[in-house]
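The structure appears below as structure tokens.
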Amino acid sequence: MREVQDHWFREAKRKGYRSRAAFKLLELDDRRRILRKGDVVLDAGAAPGSWCQVAAARVGPKGRVVGIDLKPIERGNLPSEIDLVEGDLRTFDPSSVGVERFDVVLSDMAPDTTGDHFGDHHRSVRLCHELLDRCTTWLKPGGNMVMKVFEGEAYRDLLDRVSKRFGASKGFKPKASRSESVEMFVFGLDHDPSGDATDADEAGPDALPPRRRPPSPGWNR
């Protein structure tokens with residue numbers, strides 16, 4: 001196992017990625033076509049910046065990536081398509097960076113682990129639910145989402161909630177994840193605002209009608 005993980009570390013160094021986590025998003029996007037040229041992307045929990053790197057390369061110079069984290073992210077040689085925000089996602093306003101809604105919302109966020117697997121799991125799920133709450137107004141109709149979560153008893157309920165909000169959804173464990181890790185990546189394609197209303201039992205005053213992008217090729221419904 002150690003040799004396998006060292007492989008991802010070496011590959012990240014060789015290809016100029018800031019962490020091995022880049023390969024998790026690369027595999028997800030290769031399989032599910034989450035990112036498209038010209039997309040405007042939010043990367044939540046972006047430090048140290050490897051998902052920003054991948055997203056910027058995939059959306060191209062006509063796209064844009066906004067990375068936000070409580071920790072500072074060094075700009076270094078990151079491309080100009082990436083905007084960095086140091087702050088709390090719970091108080092973040094997309095209009096502060098000139099965005100109304102995003103095409104894609106990514107999250108590699110995780111709580112500080114304590115060794116209490118039960119507590120860590122529920123804190124992780126809570127972060128995901130908070131992000132889903134914000135997707136109602138942050139994510140465009142037809143948009144895509146990826147978020148990390150720790151597996152446990154509340155994992156199935158989270159998947160069920162995502163399935164109400166997206167045309168297709170699933171949990172996935174990339175090859176670059178450690179075999180003993182409980183992390184999973186839940187992703188949804190084709191955001192459906194009417195699912196947000198169903199989930200909340202009522203539509204908000206700013207609810208938008210569905211405006212879907214074409215389904216991503218390769219998705220097994």
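Labeling convention for the structure tokens: chains A, B, ... as they appear, residues from 1 per chain, ligands from 1 in order of appearance.
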Got a sec: who's within 9 Å of Met109 in chain A, counting only C-alpha atoms, leaving out chain neighbours fewer than 6 positions off, as an MDAnalysis selection string? chainID A and resid 44:46 69 124 127:128 147:149
Surrounding residues of range 173-184 of chain A excluding itself and chain neighbours under 5 positions, 7 Å, only C-alpha atoms, as a PDB file with C-alpha atoms, in the first residue's frame:
```pdb
ATOM      1  CA  TRP A   8       0.746   9.193  -6.425  1.00  0.00           C
ATOM      2  CA  PHE A  23      -5.477  12.649  -9.287  1.00  0.00           C
ATOM      3  CA  LYS A  24      -8.771  12.090  -7.483  1.00  0.00           C
ATOM      4  CA  GLU A  27     -10.165  10.410 -12.422  1.00  0.00           C
ATOM      5  CA  LYS A 148     -16.001  14.609  -0.294  1.00  0.00           C
ATOM      6  CA  VAL A 149     -17.623  12.830   2.636  1.00  0.00           C
ATOM      7  CA  PHE A 150     -16.553  10.263   5.234  1.00  0.00           C
ATOM      8  CA  GLU A 151     -18.595   7.050   5.065  1.00  0.00           C
TER       9      GLU A 151
END
```
Which residues, written as an mmCIF file with N, CA and C atoms, in the first residue's frame, have at least one atom at most 10 Å from Leu132 in chain A, with only C-alpha atoms counted and residues fewer than 3 positions away on the same chain left out?
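Output file selection_12.cif is given in full below:
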```cif
data_model
loop_
_atom_site.group_PDB
_atom_site.id
_atom_site.type_symbol
_atom_site.label_atom_id
_atom_site.label_comp_id
_atom_site.auth_asym_id
_atom_site.auth_seq_id
_atom_site.Cartn_x
_atom_site.Cartn_y
_atom_site.Cartn_z
ATOM 1 N N VAL A 105 -19.711 23.111 -8.744
ATOM 2 C CA VAL A 105 -19.264 23.305 -7.367
ATOM 3 C C VAL A 105 -18.485 22.057 -6.955
ATOM 4 N N ARG A 126 -22.311 16.848 7.850
ATOM 5 C CA ARG A 126 -22.894 18.169 8.098
ATOM 6 C C ARG A 126 -22.329 19.199 7.116
ATOM 7 N N LEU A 127 -21.018 19.132 6.858
ATOM 8 C CA LEU A 127 -20.421 20.031 5.874
ATOM 9 C C LEU A 127 -21.065 19.853 4.501
ATOM 10 N N CYS A 128 -21.305 18.604 4.118
ATOM 11 C CA CYS A 128 -21.914 18.337 2.813
ATOM 12 C C CYS A 128 -23.329 18.896 2.742
ATOM 13 N N HIS A 129 -24.103 18.739 3.806
ATOM 14 C CA HIS A 129 -25.462 19.274 3.805
ATOM 15 C C HIS A 129 -25.448 20.804 3.726
ATOM 16 N N CYS A 135 -26.020 25.253 -2.653
ATOM 17 C CA CYS A 135 -26.141 24.961 -4.086
ATOM 18 C C CYS A 135 -27.487 25.422 -4.641
ATOM 19 N N THR A 136 -28.496 25.538 -3.784
ATOM 20 C CA THR A 136 -29.802 25.997 -4.231
ATOM 21 C C THR A 136 -29.696 27.344 -4.940
ATOM 22 N N THR A 137 -28.850 28.223 -4.424
ATOM 23 C CA THR A 137 -28.703 29.551 -5.026
ATOM 24 C C THR A 137 -27.346 29.743 -5.707
ATOM 25 N N TRP A 138 -26.398 28.878 -5.452
ATOM 26 C CA TRP A 138 -25.062 29.053 -6.024
ATOM 27 C C TRP A 138 -24.865 28.304 -7.331
ATOM 28 N N LEU A 139 -25.572 27.209 -7.544
ATOM 29 C CA LEU A 139 -25.321 26.338 -8.687
ATOM 30 C C LEU A 139 -26.390 26.532 -9.750
ATOM 31 N N MET A 145 -21.784 18.880 -9.508
ATOM 32 C CA MET A 145 -21.221 19.030 -8.168
ATOM 33 C C MET A 145 -20.433 17.787 -7.786
ATOM 34 N N MET A 147 -18.454 16.402 -4.012
ATOM 35 C CA MET A 147 -18.069 16.730 -2.640
ATOM 36 C C MET A 147 -17.567 15.480 -1.923
ATOM 37 N N LEU A 158 -27.479 11.101 2.873
ATOM 38 C CA LEU A 158 -26.874 12.153 2.056
ATOM 39 C C LEU A 158 -27.022 11.834 0.574
ATOM 40 N N ARG A 161 -30.490 12.534 -0.577
ATOM 41 C CA ARG A 161 -30.777 13.953 -0.754
ATOM 42 C C ARG A 161 -30.176 14.472 -2.064
ATOM 43 N N VAL A 162 -28.955 14.036 -2.379
ATOM 44 C CA VAL A 162 -28.322 14.456 -3.635
ATOM 45 C C VAL A 162 -29.140 13.964 -4.831
ATOM 46 N N ARG A 165 -31.811 16.195 -6.062
ATOM 47 C CA ARG A 165 -31.422 17.504 -6.584
ATOM 48 C C ARG A 165 -30.710 17.426 -7.935
ATOM 49 N N ASP A 196 -34.521 20.922 -5.505
ATOM 50 C CA ASP A 196 -34.252 21.746 -4.330
ATOM 51 C C ASP A 196 -35.558 22.099 -3.633
#
```
Once DSSP has gone over the backbone, tell me which residues of range 64-161 of chain A are in strand (DSSP E or B), as a PyMOL selection string. chain A and resi 64-69+82-86+102-107+139-150
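Around range 77-93 of chain A, within 6 Å and counting only C-alpha atoms, the residues found are Arg64, Val65, Val66, Gly67, Ile68, Asp69, Leu70 and Pro72 of chain A, once anything fewer than 5 positions away on its own chain is removed.
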Store the residues of this selection in a file with C-alpha atoms, as a PDB file, in the first residue's frame.
```pdb
ATOM      1  CA  ARG A  64     -12.812  30.628 -14.318  1.00  0.00           C
ATOM      2  CA  VAL A  65     -12.080  28.946 -10.992  1.00  0.00           C
ATOM      3  CA  VAL A  66     -12.751  30.491  -7.578  1.00  0.00           C
ATOM      4  CA  GLY A  67     -10.930  28.688  -4.770  1.00  0.00           C
ATOM      5  CA  ILE A  68     -11.940  29.382  -1.173  1.00  0.00           C
ATOM      6  CA  ASP A  69     -10.454  28.076   2.053  1.00  0.00           C
ATOM      7  CA  LEU A  70     -10.035  29.118   5.669  1.00  0.00           C
ATOM      8  CA  PRO A  72      -4.273  30.907   2.878  1.00  0.00           C
TER       9      PRO A  72
END
```
